[in-house]
$ cat start_26.txt   # compact mmCIF, C-alpha atoms
# COMPACT_ATOMS: atom_id res chain seq x y z
CA MET A 235 7.56 23.35 26.79
CA ALA A 236 5.39 21.50 24.30
CA ALA A 237 1.93 22.88 23.72
CA SER A 238 -0.99 20.71 24.75
CA PHE A 239 -3.60 19.68 22.22
CA THR A 240 -6.89 17.92 22.56
CA ILE A 241 -7.23 15.01 20.17
CA ARG A 242 -10.68 13.56 19.50
CA PRO A 243 -12.51 11.55 16.82
CA ALA A 244 -13.47 13.69 13.84
CA ALA A 245 -17.11 14.36 13.00
CA ARG A 246 -18.33 15.15 9.52
CA ALA A 247 -18.97 18.67 10.89
CA ASP A 248 -15.18 19.00 10.96
CA ASP A 249 -14.90 18.54 7.20
CA ASP A 250 -14.40 22.25 6.44
CA ALA A 251 -11.61 22.49 8.99
CA ILE A 252 -10.00 19.26 7.75
CA TRP A 253 -10.16 20.39 4.14
CA ALA A 254 -8.55 23.71 5.11
CA ILE A 255 -5.61 21.62 6.35
CA LEU A 256 -5.54 19.08 3.51
CA GLU A 257 -5.91 21.51 0.64
CA PRO A 258 -2.62 23.46 0.80
CA THR A 259 -0.63 20.28 1.45
CA PHE A 260 -2.20 18.34 -1.43
CA ARG A 261 -1.90 21.39 -3.73
CA ALA A 262 1.80 21.68 -2.89
CA GLY A 263 2.24 18.00 -3.82
CA GLU A 264 5.47 17.57 -1.86
CA THR A 265 4.54 15.09 0.84
CA TYR A 266 1.65 12.84 -0.24
CA PRO A 267 1.27 10.79 -3.46
CA ILE A 268 -2.07 12.43 -4.17
CA PRO A 269 -3.02 14.38 -7.31
CA ARG A 270 -2.36 18.09 -6.75
CA ASP A 271 -5.68 18.98 -8.38
CA ILE A 272 -7.74 16.68 -6.15
CA THR A 273 -11.17 18.09 -5.36
CA ARG A 274 -12.51 18.77 -1.87
CA ALA A 275 -14.92 15.83 -2.14
CA GLU A 276 -12.26 13.41 -3.39
CA ALA A 277 -9.81 14.49 -0.70
CA LEU A 278 -12.34 14.10 2.10
CA ASP A 279 -13.46 10.74 0.68
CA TYR A 280 -9.83 9.64 0.76
CA TRP A 281 -9.22 10.92 4.31
CA HIS A 282 -12.47 9.29 5.50
CA SER A 283 -12.00 6.09 3.41
CA PRO A 284 -13.86 3.00 4.63
CA GLY A 285 -11.79 1.51 7.45
CA HIS A 286 -10.15 4.83 8.37
CA ALA A 287 -10.64 6.14 11.92
CA VAL A 288 -10.16 9.91 11.62
CA PHE A 289 -9.08 12.18 14.47
CA VAL A 290 -8.55 15.92 14.83
CA ALA A 291 -6.17 17.85 17.06
CA GLU A 292 -7.60 21.01 18.62
CA ASP A 293 -5.89 23.94 20.23
CA GLY A 294 -8.79 25.46 22.14
CA THR A 295 -11.57 25.52 19.55
CA CYS A 296 -9.27 25.62 16.53
CA ILE A 297 -8.51 22.43 14.57
CA VAL A 298 -4.77 22.40 13.93
CA GLY A 299 -4.25 18.88 12.61
CA SER A 300 -5.87 15.62 11.59
CA TYR A 301 -4.84 12.02 11.18
CA TYR A 302 -6.30 8.71 10.12
CA LEU A 303 -5.60 5.26 11.49
CA ARG A 304 -6.39 2.05 9.61
CA ALA A 305 -5.24 -1.55 9.20
CA ASN A 306 -2.40 -1.55 6.66
CA ASN A 307 -3.49 -4.92 5.28
CA ARG A 308 -6.20 -7.52 5.74
CA GLY A 309 -5.99 -11.21 6.58
CA GLY A 310 -2.54 -12.20 7.83
CA GLY A 311 -1.43 -8.55 7.70
CA ALA A 312 -4.26 -7.07 9.78
CA HIS A 313 -2.19 -6.70 12.98
CA VAL A 314 -0.19 -3.81 11.52
CA ALA A 315 -1.69 -0.32 11.52
CA ASN A 316 -1.03 2.53 9.13
CA CYS A 317 -1.57 6.26 9.71
CA GLY A 318 -1.49 9.51 7.79
CA TYR A 319 -1.01 12.81 9.59
CA MET A 320 -1.40 16.39 8.53
CA THR A 321 -0.77 19.61 10.41
CA ALA A 322 -2.11 23.04 9.49
CA GLN A 323 0.79 24.78 7.75
CA GLN A 324 0.65 27.82 10.03
CA GLU A 325 0.95 25.55 13.08
CA SER A 326 4.13 23.85 11.88
CA GLY A 327 6.81 23.41 14.54
CA ARG A 328 4.48 23.52 17.55
CA GLY A 329 4.38 19.76 18.16
CA VAL A 330 1.01 19.00 16.61
CA ALA A 331 2.32 16.10 14.51
CA ARG A 332 4.21 14.65 17.45
CA ALA A 333 1.12 14.84 19.66
CA MET A 334 -0.98 13.18 16.96
CA CYS A 335 1.62 10.45 16.45
CA MET A 336 1.75 9.68 20.18
CA HIS A 337 -2.03 9.61 20.28
CA SER A 338 -2.16 7.28 17.29
CA LEU A 339 0.27 4.82 18.86
CA ASP A 340 -1.95 4.60 21.95
CA GLU A 341 -5.04 4.34 19.79
CA ALA A 342 -3.48 1.59 17.66
CA ARG A 343 -2.50 -0.37 20.79
CA ARG A 344 -5.99 0.05 22.17
CA ARG A 345 -7.42 -1.41 18.96
CA GLY A 346 -5.16 -4.45 19.23
CA PHE A 347 -2.56 -3.59 16.60
CA THR A 348 0.97 -4.73 17.43
CA ALA A 349 2.93 -2.51 15.03
CA VAL A 350 2.54 0.60 12.87
CA GLN A 351 3.94 0.97 9.36
CA PHE A 352 4.22 4.07 7.20
CA ASN A 353 4.35 3.00 3.55
CA PHE A 354 5.52 6.16 1.81
CA VAL A 355 7.49 8.75 3.79
CA ILE A 356 9.03 10.99 1.18
CA ALA A 357 12.76 11.26 1.86
CA SER A 358 12.92 14.98 1.14
CA ASN A 359 10.38 15.57 3.93
CA GLU A 360 13.26 15.60 6.40
CA ARG A 361 11.30 17.06 9.24
CA ALA A 362 8.83 14.18 9.09
CA VAL A 363 11.55 11.54 8.83
CA ARG A 364 13.29 13.04 11.89
CA LEU A 365 10.05 13.21 13.85
CA TRP A 366 9.02 9.63 13.09
CA ARG A 367 12.47 8.46 14.17
CA CYS A 368 12.02 10.36 17.44
CA CYS A 369 8.67 8.58 17.82
CA GLY A 370 10.41 5.20 17.61
CA PHE A 371 10.06 4.41 13.92
CA GLU A 372 12.87 2.84 11.93
CA ILE A 373 13.45 2.96 8.20
CA VAL A 374 12.92 -0.63 7.00
CA GLY A 375 12.89 0.11 3.28
CA THR A 376 14.10 2.72 0.80
CA LEU A 377 12.00 2.92 -2.35
CA PRO A 378 14.23 4.35 -5.06
CA GLN A 379 12.95 7.44 -6.89
CA VAL A 380 9.32 6.51 -6.44
CA PHE A 381 8.10 10.08 -5.93
CA ALA A 382 8.07 12.90 -8.49
CA HIS A 383 8.61 15.97 -6.31
CA PRO A 384 7.41 19.17 -7.99
CA ARG A 385 10.68 21.03 -7.21
CA LEU A 386 13.27 18.30 -6.64
CA GLY A 387 12.35 15.77 -9.34
CA LEU A 388 12.45 12.06 -8.52
CA VAL A 389 13.15 11.38 -4.86
CA ASP A 390 13.16 8.27 -2.68
CA ALA A 391 10.50 7.32 -0.17
CA TYR A 392 10.98 5.33 3.02
CA VAL A 393 8.95 2.56 4.58
CA MET A 394 9.04 3.15 8.35
CA HIS A 395 7.94 0.72 11.03
CA ARG A 396 7.69 0.45 14.78
CA ILE A 397 6.58 -2.28 17.13
CA LEU A 398 3.95 -1.21 19.65
CA MET B 86 12.16 -25.85 -22.44
CA ALA B 87 9.66 -23.38 -20.98
CA ALA B 88 6.04 -23.86 -21.96
CA SER B 89 4.38 -21.13 -23.97
CA PHE B 90 1.27 -19.42 -22.69
CA THR B 91 -1.08 -16.95 -24.28
CA ILE B 92 -1.68 -13.94 -22.08
CA ARG B 93 -4.65 -11.69 -22.80
CA PRO B 94 -6.89 -9.18 -21.02
CA ALA B 95 -9.46 -10.86 -18.79
CA ALA B 96 -13.16 -10.63 -19.52
CA ARG B 97 -15.86 -10.95 -16.88
CA ALA B 98 -16.67 -14.27 -18.57
CA ASP B 99 -13.36 -15.49 -17.11
CA ASP B 100 -14.55 -14.91 -13.55
CA ASP B 101 -15.27 -18.59 -12.83
CA ALA B 102 -11.83 -19.61 -14.03
CA ILE B 103 -10.16 -16.77 -12.09
CA TRP B 104 -12.03 -17.64 -8.91
CA ALA B 105 -10.99 -21.29 -9.32
CA ILE B 106 -7.39 -20.03 -9.15
CA LEU B 107 -7.90 -17.42 -6.41
CA GLU B 108 -9.96 -19.56 -4.04
CA PRO B 109 -7.44 -22.20 -2.95
CA THR B 110 -4.68 -19.61 -2.59
CA PHE B 111 -6.78 -17.22 -0.51
CA ARG B 112 -8.17 -20.14 1.55
CA ALA B 113 -4.61 -21.32 2.27
CA GLY B 114 -3.76 -17.81 3.49
CA GLU B 115 -0.02 -18.24 3.04
CA THR B 116 0.85 -15.75 0.31
CA TYR B 117 -1.61 -12.84 0.23
CA PRO B 118 -2.79 -10.58 3.10
CA ILE B 119 -6.40 -11.38 2.32
CA PRO B 120 -8.98 -12.88 4.71
CA ARG B 121 -9.02 -16.67 4.31
CA ASP B 122 -12.82 -16.67 4.39
CA ILE B 123 -13.20 -14.06 1.64
CA THR B 124 -16.24 -14.70 -0.55
CA ARG B 125 -16.15 -15.21 -4.30
CA ALA B 126 -17.73 -11.79 -4.89
CA GLU B 127 -15.32 -9.99 -2.56
CA ALA B 128 -12.31 -11.76 -4.07
CA LEU B 129 -13.32 -10.94 -7.64
CA ASP B 130 -14.09 -7.33 -6.63
CA TYR B 131 -10.60 -7.12 -5.17
CA TRP B 132 -8.92 -8.68 -8.23
CA HIS B 133 -10.94 -6.39 -10.54
CA SER B 134 -10.63 -3.30 -8.30
CA PRO B 135 -11.05 0.07 -10.02
CA GLY B 136 -7.73 0.89 -11.65
CA HIS B 137 -6.67 -2.77 -12.02
CA ALA B 138 -5.98 -4.10 -15.51
CA VAL B 139 -6.54 -7.85 -15.23
CA PHE B 140 -4.95 -10.45 -17.50
CA VAL B 141 -5.22 -14.23 -17.80
CA ALA B 142 -2.66 -16.77 -18.97
CA GLU B 143 -4.03 -19.58 -21.12
CA ASP B 144 -2.55 -22.91 -22.04
CA GLY B 145 -4.68 -23.81 -25.00
CA THR B 146 -8.20 -23.10 -23.78
CA CYS B 147 -7.42 -23.60 -20.09
CA ILE B 148 -6.81 -20.55 -17.86
CA VAL B 149 -3.75 -21.35 -15.75
CA GLY B 150 -3.00 -17.99 -14.15
CA SER B 151 -4.11 -14.38 -13.72
CA TYR B 152 -2.50 -11.12 -12.76
CA TYR B 153 -3.47 -7.50 -12.23
CA LEU B 154 -1.50 -4.37 -13.03
CA ARG B 155 -2.21 -0.99 -11.47
CA ALA B 156 -0.53 2.26 -10.46
CA ASN B 157 0.95 1.73 -7.01
CA ASN B 158 0.20 5.32 -6.00
CA ARG B 159 -1.41 8.45 -7.38
CA GLY B 160 -0.04 11.95 -7.91
CA GLY B 161 3.75 12.05 -7.59
CA GLY B 162 3.84 8.26 -7.19
CA ALA B 163 1.85 7.37 -10.31
CA HIS B 164 4.88 6.39 -12.42
CA VAL B 165 5.41 3.17 -10.41
CA ALA B 166 3.27 0.13 -11.20
CA ASN B 167 2.21 -2.67 -8.89
CA CYS B 168 1.13 -6.20 -9.80
CA GLY B 169 -0.35 -9.27 -8.17
CA TYR B 170 0.04 -12.69 -9.81
CA MET B 171 -1.57 -16.01 -9.14
CA THR B 172 -1.01 -19.40 -10.76
CA ALA B 173 -3.35 -22.38 -10.63
CA GLN B 174 -1.89 -24.64 -7.95
CA GLN B 175 -1.81 -27.69 -10.23
CA GLU B 176 0.24 -25.68 -12.78
CA SER B 177 2.94 -24.71 -10.32
CA GLY B 178 6.49 -25.03 -11.64
CA ARG B 179 5.63 -24.76 -15.34
CA GLY B 180 6.68 -21.14 -15.77
CA VAL B 181 3.24 -19.54 -15.67
CA ALA B 182 4.21 -16.91 -13.10
CA ARG B 183 7.42 -16.08 -14.94
CA ALA B 184 5.51 -15.68 -18.22
CA MET B 185 2.95 -13.43 -16.52
CA CYS B 186 5.69 -11.35 -14.87
CA MET B 187 7.50 -10.83 -18.19
CA HIS B 188 4.21 -9.90 -19.82
CA SER B 189 3.42 -7.45 -17.02
CA LEU B 190 6.79 -5.70 -17.36
CA ASP B 191 6.13 -5.12 -21.05
CA GLU B 192 2.58 -4.05 -20.34
CA ALA B 193 3.73 -1.64 -17.63
CA ARG B 194 6.32 -0.12 -19.98
CA ARG B 195 3.70 0.22 -22.69
CA ARG B 196 1.48 2.13 -20.26
CA GLY B 197 4.30 4.54 -19.43
CA PHE B 198 5.32 3.25 -16.02
CA THR B 199 9.05 3.50 -15.29
CA ALA B 200 9.28 1.00 -12.41
CA VAL B 201 7.34 -1.82 -10.75
CA GLN B 202 7.06 -2.31 -7.01
CA PHE B 203 5.71 -5.30 -5.07
CA ASN B 204 4.60 -4.10 -1.64
CA PHE B 205 4.20 -7.34 0.27
CA VAL B 206 6.13 -10.42 -0.86
CA ILE B 207 5.92 -12.84 2.04
CA ALA B 208 9.43 -13.99 2.92
CA SER B 209 8.41 -17.61 3.46
CA ASN B 210 7.16 -17.72 -0.14
CA GLU B 211 10.71 -18.55 -1.22
CA ARG B 212 9.80 -19.68 -4.70
CA ALA B 213 8.19 -16.28 -5.41
CA VAL B 214 11.11 -14.34 -3.95
CA ARG B 215 13.56 -16.34 -6.08
CA LEU B 216 11.45 -15.87 -9.20
CA TRP B 217 11.07 -12.12 -8.77
CA ARG B 218 14.83 -11.83 -8.29
CA CYS B 219 15.32 -13.74 -11.55
CA CYS B 220 12.92 -11.26 -13.16
CA GLY B 221 15.16 -8.36 -12.11
CA PHE B 222 13.53 -7.32 -8.84
CA GLU B 223 15.57 -6.34 -5.80
CA ILE B 224 14.53 -6.41 -2.19
CA VAL B 225 14.41 -2.74 -1.12
CA GLY B 226 12.71 -3.25 2.23
CA THR B 227 12.16 -5.95 4.84
CA LEU B 228 8.98 -5.50 6.85
CA PRO B 229 9.52 -7.28 10.17
CA GLN B 230 6.92 -9.87 11.16
CA VAL B 231 4.11 -8.15 9.31
CA PHE B 232 2.42 -11.36 8.17
CA ALA B 233 0.71 -13.96 10.36
CA HIS B 234 1.35 -17.18 8.45
CA PRO B 235 -1.13 -19.94 9.35
CA ARG B 236 1.63 -22.54 9.89
CA LEU B 237 4.78 -20.52 10.53
CA GLY B 238 3.47 -17.71 12.73
CA LEU B 239 4.74 -14.18 12.21
CA VAL B 240 7.02 -13.86 9.20
CA ASP B 241 8.64 -10.95 7.36
CA ALA B 242 7.52 -9.52 4.06
CA TYR B 243 9.68 -7.87 1.43
CA VAL B 244 9.19 -4.79 -0.68
CA MET B 245 10.66 -5.58 -4.11
CA HIS B 246 11.34 -3.11 -6.90
CA ARG B 247 12.71 -2.96 -10.38
CA ILE B 248 13.32 -0.19 -12.87
CA LEU B 249 11.75 -0.73 -16.29

$ encode --input "start_26.txt" --output "structure tokens"
Amino acid sequence: MAASFTIRPAARADDDAIWAILEPTFRAGETYPIPRDITRAEALDYWHSPGHAVFVAEDGTCIVGSYYLRANNRGGGAHVANCGYMTAQQESGRGVARAMCMHSLDEARRRGFTAVQFNFVIASNERAVRLWRCCGFEIVGTLPQVFAHPRLGLVDAYVMHRIL
Amino acid sequence: MAASFTIRPAARADDDAIWAILEPTFRAGETYPIPRDITRAEALDYWHSPGHAVFVAEDGTCIVGSYYLRANNRGGGAHVANCGYMTAQQESGRGVARAMCMHSLDEARRRGFTAVQFNFVIASNERAVRLWRCCGFEIVGTLPQVFAHPRLGLVDAYVMHRIL
């Protein structure tokens, strides 16, 4: 049975816990197009960018994941949301990302978005691709060799999209 | 025979001329996902965003187009460039956009990029789609109904890509 997580808006008091999740993933450099040597302040500024609504997933009192939700574009493109998710590495496989994704779809609907688009799902991140498919996303674009993976070299990234 | 344009880096002294090109296009709201009521200051801040190299195309002493060049992503995605081009409406059809695109491909190569990606080419902008294809770009993704066109309603946008 899937674990149950509480998902709530992040406060700046959560920054240490969020950074503890972001840091190993950004340092590994395998899943986000973010400099591997990014500082704590730069990473938190990015996660909390203007226009990002940031949430955390808690298991009891422990923060096990975080995501942001934003408009993917402005003007005529403002009806499509975009999200970024990250799960604490030691919590991998427990359903945190799935719970955050489901929460984000509801949250996006609630805010009036009519679709969600992921702009850069790295193809070698097979677990993520599989999960987003399970959450109703389709691959609508394949960006050839746009990501320099630290172990695999140049790999593709997908654009994934779902209607809400 | 195609006209010949001089293309050079923009100076802030070109802001009036650039805004004269941006304003009618942003106000029309048919080709960029930018708010139609964007102010001059916001539009110029966007065009000159940090990390954007901005160029202008001149026909004699008259600025007839402008484009920006930037890295499309950071970290493992920093080898792919992104550009946005705009031609003065009264100069349409004279080859300004093609000249700027060719210039931008050279400029991107010179800066060490190995590919260029356009993230949001609105499908109803058929002239642009045709031109980018002529310039060697391929459609690598079709984003369904991601753009609210003021006359046509929801239309697709393309992701276009070419290797340098």

$ calpha_fit_and_write --input "start_26.txt" --fixed "chain B" --moving "chain A" --output "short mmCIF file (atom, residue, chain, number, x, y, z; two decimals) with C-alpha atoms, in the frame of the given file"
data_model
loop_
_atom_site.label_atom_id
_atom_site.label_comp_id
_atom_site.auth_asym_id
_atom_site.auth_seq_id
_atom_site.Cartn_x
_atom_site.Cartn_y
_atom_site.Cartn_z
CA MET A 235 12.15 -25.80 -22.52
CA ALA A 236 9.65 -23.37 -21.04
CA ALA A 237 6.03 -23.88 -21.99
CA SER A 238 4.37 -21.15 -24.01
CA PHE A 239 1.28 -19.41 -22.71
CA THR A 240 -1.08 -16.96 -24.27
CA ILE A 241 -1.68 -13.93 -22.09
CA ARG A 242 -4.66 -11.69 -22.81
CA PRO A 243 -6.90 -9.17 -21.01
CA ALA A 244 -9.46 -10.88 -18.78
CA ALA A 245 -13.17 -10.64 -19.53
CA ARG A 246 -15.84 -10.95 -16.89
CA ALA A 247 -16.67 -14.29 -18.57
CA ASP A 248 -13.37 -15.49 -17.11
CA ASP A 249 -14.54 -14.91 -13.54
CA ASP A 250 -15.27 -18.60 -12.83
CA ALA A 251 -11.83 -19.61 -14.03
CA ILE A 252 -10.16 -16.78 -12.09
CA TRP A 253 -12.03 -17.65 -8.92
CA ALA A 254 -10.98 -21.30 -9.31
CA ILE A 255 -7.39 -20.02 -9.14
CA LEU A 256 -7.90 -17.42 -6.40
CA GLU A 257 -9.95 -19.55 -4.05
CA PRO A 258 -7.43 -22.21 -2.95
CA THR A 259 -4.67 -19.62 -2.58
CA PHE A 260 -6.78 -17.22 -0.50
CA ARG A 261 -8.16 -20.14 1.57
CA ALA A 262 -4.61 -21.32 2.30
CA GLY A 263 -3.75 -17.80 3.50
CA GLU A 264 0.00 -18.23 3.05
CA THR A 265 0.86 -15.74 0.33
CA TYR A 266 -1.61 -12.83 0.25
CA PRO A 267 -2.78 -10.59 3.13
CA ILE A 268 -6.40 -11.37 2.34
CA PRO A 269 -8.97 -12.88 4.73
CA ARG A 270 -9.02 -16.67 4.30
CA ASP A 271 -12.83 -16.68 4.40
CA ILE A 272 -13.21 -14.08 1.64
CA THR A 273 -16.24 -14.70 -0.55
CA ARG A 274 -16.17 -15.23 -4.31
CA ALA A 275 -17.72 -11.80 -4.90
CA GLU A 276 -15.32 -10.00 -2.56
CA ALA A 277 -12.31 -11.76 -4.07
CA LEU A 278 -13.32 -10.93 -7.63
CA ASP A 279 -14.11 -7.34 -6.63
CA TYR A 280 -10.61 -7.11 -5.17
CA TRP A 281 -8.93 -8.68 -8.23
CA HIS A 282 -10.94 -6.41 -10.55
CA SER A 283 -10.63 -3.30 -8.30
CA PRO A 284 -11.06 0.07 -10.02
CA GLY A 285 -7.74 0.89 -11.68
CA HIS A 286 -6.68 -2.76 -12.01
CA ALA A 287 -5.98 -4.10 -15.51
CA VAL A 288 -6.55 -7.86 -15.23
CA PHE A 289 -4.97 -10.46 -17.50
CA VAL A 290 -5.22 -14.23 -17.80
CA ALA A 291 -2.66 -16.77 -18.96
CA GLU A 292 -4.03 -19.59 -21.12
CA ASP A 293 -2.54 -22.92 -22.03
CA GLY A 294 -4.68 -23.82 -25.03
CA THR A 295 -8.21 -23.10 -23.80
CA CYS A 296 -7.42 -23.58 -20.11
CA ILE A 297 -6.81 -20.55 -17.86
CA VAL A 298 -3.75 -21.36 -15.76
CA GLY A 299 -3.01 -17.99 -14.17
CA SER A 300 -4.10 -14.40 -13.74
CA TYR A 301 -2.52 -11.12 -12.77
CA TYR A 302 -3.47 -7.51 -12.23
CA LEU A 303 -1.50 -4.39 -13.03
CA ARG A 304 -2.21 -0.99 -11.48
CA ALA A 305 -0.53 2.26 -10.46
CA ASN A 306 0.95 1.73 -6.99
CA ASN A 307 0.21 5.33 -6.01
CA ARG A 308 -1.39 8.46 -7.40
CA GLY A 309 -0.01 11.95 -7.90
CA GLY A 310 3.78 12.05 -7.59
CA GLY A 311 3.86 8.25 -7.20
CA ALA A 312 1.86 7.36 -10.32
CA HIS A 313 4.90 6.36 -12.42
CA VAL A 314 5.41 3.16 -10.41
CA ALA A 315 3.27 0.12 -11.19
CA ASN A 316 2.22 -2.68 -8.88
CA CYS A 317 1.11 -6.20 -9.82
CA GLY A 318 -0.35 -9.28 -8.19
CA TYR A 319 0.03 -12.69 -9.80
CA MET A 320 -1.57 -16.02 -9.16
CA THR A 321 -1.00 -19.39 -10.78
CA ALA A 322 -3.36 -22.37 -10.65
CA GLN A 323 -1.90 -24.64 -7.97
CA GLN A 324 -1.81 -27.68 -10.26
CA GLU A 325 0.22 -25.70 -12.81
CA SER A 326 2.94 -24.72 -10.34
CA GLY A 327 6.49 -25.06 -11.65
CA ARG A 328 5.63 -24.78 -15.35
CA GLY A 329 6.66 -21.13 -15.77
CA VAL A 330 3.23 -19.53 -15.68
CA ALA A 331 4.21 -16.91 -13.09
CA ARG A 332 7.41 -16.09 -14.94
CA ALA A 333 5.54 -15.67 -18.22
CA MET A 334 2.97 -13.44 -16.53
CA CYS A 335 5.69 -11.36 -14.87
CA MET A 336 7.50 -10.83 -18.19
CA HIS A 337 4.22 -9.89 -19.81
CA SER A 338 3.43 -7.45 -17.02
CA LEU A 339 6.79 -5.70 -17.35
CA ASP A 340 6.13 -5.13 -21.06
CA GLU A 341 2.58 -4.05 -20.33
CA ALA A 342 3.74 -1.63 -17.62
CA ARG A 343 6.33 -0.12 -19.98
CA ARG A 344 3.71 0.21 -22.68
CA ARG A 345 1.48 2.13 -20.26
CA GLY A 346 4.29 4.54 -19.44
CA PHE A 347 5.32 3.24 -16.02
CA THR A 348 9.04 3.49 -15.29
CA ALA A 349 9.29 1.00 -12.41
CA VAL A 350 7.34 -1.82 -10.75
CA GLN A 351 7.07 -2.33 -7.00
CA PHE A 352 5.72 -5.29 -5.07
CA ASN A 353 4.60 -4.09 -1.63
CA PHE A 354 4.19 -7.35 0.28
CA VAL A 355 6.13 -10.42 -0.85
CA ILE A 356 5.91 -12.82 2.04
CA ALA A 357 9.42 -13.98 2.93
CA SER A 358 8.41 -17.60 3.47
CA ASN A 359 7.16 -17.72 -0.14
CA GLU A 360 10.70 -18.55 -1.22
CA ARG A 361 9.78 -19.66 -4.68
CA ALA A 362 8.21 -16.28 -5.41
CA VAL A 363 11.12 -14.33 -3.94
CA ARG A 364 13.55 -16.35 -6.10
CA LEU A 365 11.45 -15.86 -9.21
CA TRP A 366 11.06 -12.11 -8.76
CA ARG A 367 14.82 -11.83 -8.29
CA CYS A 368 15.31 -13.73 -11.54
CA CYS A 369 12.92 -11.25 -13.17
CA GLY A 370 15.15 -8.36 -12.10
CA PHE A 371 13.53 -7.32 -8.84
CA GLU A 372 15.57 -6.34 -5.80
CA ILE A 373 14.54 -6.40 -2.17
CA VAL A 374 14.42 -2.73 -1.12
CA GLY A 375 12.71 -3.25 2.23
CA THR A 376 12.16 -5.94 4.86
CA LEU A 377 8.98 -5.49 6.87
CA PRO A 378 9.52 -7.26 10.18
CA GLN A 379 6.93 -9.87 11.17
CA VAL A 380 4.12 -8.14 9.33
CA PHE A 381 2.42 -11.36 8.20
CA ALA A 382 0.69 -13.96 10.38
CA HIS A 383 1.34 -17.18 8.46
CA PRO A 384 -1.14 -19.92 9.35
CA ARG A 385 1.63 -22.53 9.88
CA LEU A 386 4.79 -20.50 10.55
CA GLY A 387 3.46 -17.69 12.76
CA LEU A 388 4.75 -14.15 12.23
CA VAL A 389 7.01 -13.84 9.21
CA ASP A 390 8.63 -10.94 7.38
CA ALA A 391 7.52 -9.53 4.05
CA TYR A 392 9.70 -7.87 1.43
CA VAL A 393 9.18 -4.79 -0.68
CA MET A 394 10.66 -5.57 -4.11
CA HIS A 395 11.34 -3.10 -6.88
CA ARG A 396 12.70 -2.97 -10.39
CA ILE A 397 13.31 -0.18 -12.86
CA LEU A 398 11.76 -0.74 -16.28
#

$ atom_distance --input "start_26.txt" --atom1 "atom CA of A:Phe381" --atom2 "atom CA of A:Asp279"
22.6 Å

$ atom_distance --input "start_26.txt" --atom1 "atom CA of A:Asn316" --atom2 "atom CA of A:Cys296"
25.6 Å

$ closest_residue --input "start_26.txt" --among "A:Arg361, A:Thr265, A:Ser238, A:Thr259" --to "B:Gly161" --atoms "only C-alpha atoms"
A:Thr265

$ residues_near_point --input "start_26.txt" --point "(-1.9, -9.6, 2.9)" --cutoff "10 Å" --atoms "only C-alpha atoms" --output "number ranges by chain"
A: 306-312; B: 111, 114-120, 204-207, 231-234, 242

$ residues_around --input "start_26.txt" --residues "A:Arg261" --least-positions-apart "3" --cutoff "6 Å" --atoms "only C-alpha atoms" --output "list in words"
Glu257, Pro258 and Arg270 of chain A

$ atom_distance --input "start_26.txt" --atom1 "atom CA of B:Asp101" --atom2 "atom CA of B:Trp217"
27.4 Å

$ residues_around --input "start_26.txt" --residues "B:Arg93" --least-positions-apart "5" --cutoff "9 Å" --atoms "all atoms listed in the file" --output "list in words"
Val139, Phe140, Val141, Ala142 and Glu143 of chain B

$ residues_around --input "start_26.txt" --residues "A:Ala357" --least-positions-apart "5" --cutoff "9 Å" --atoms "only C-alpha atoms" --output "PyMOL selection string"
chain A and resi 362-363+376+389-392
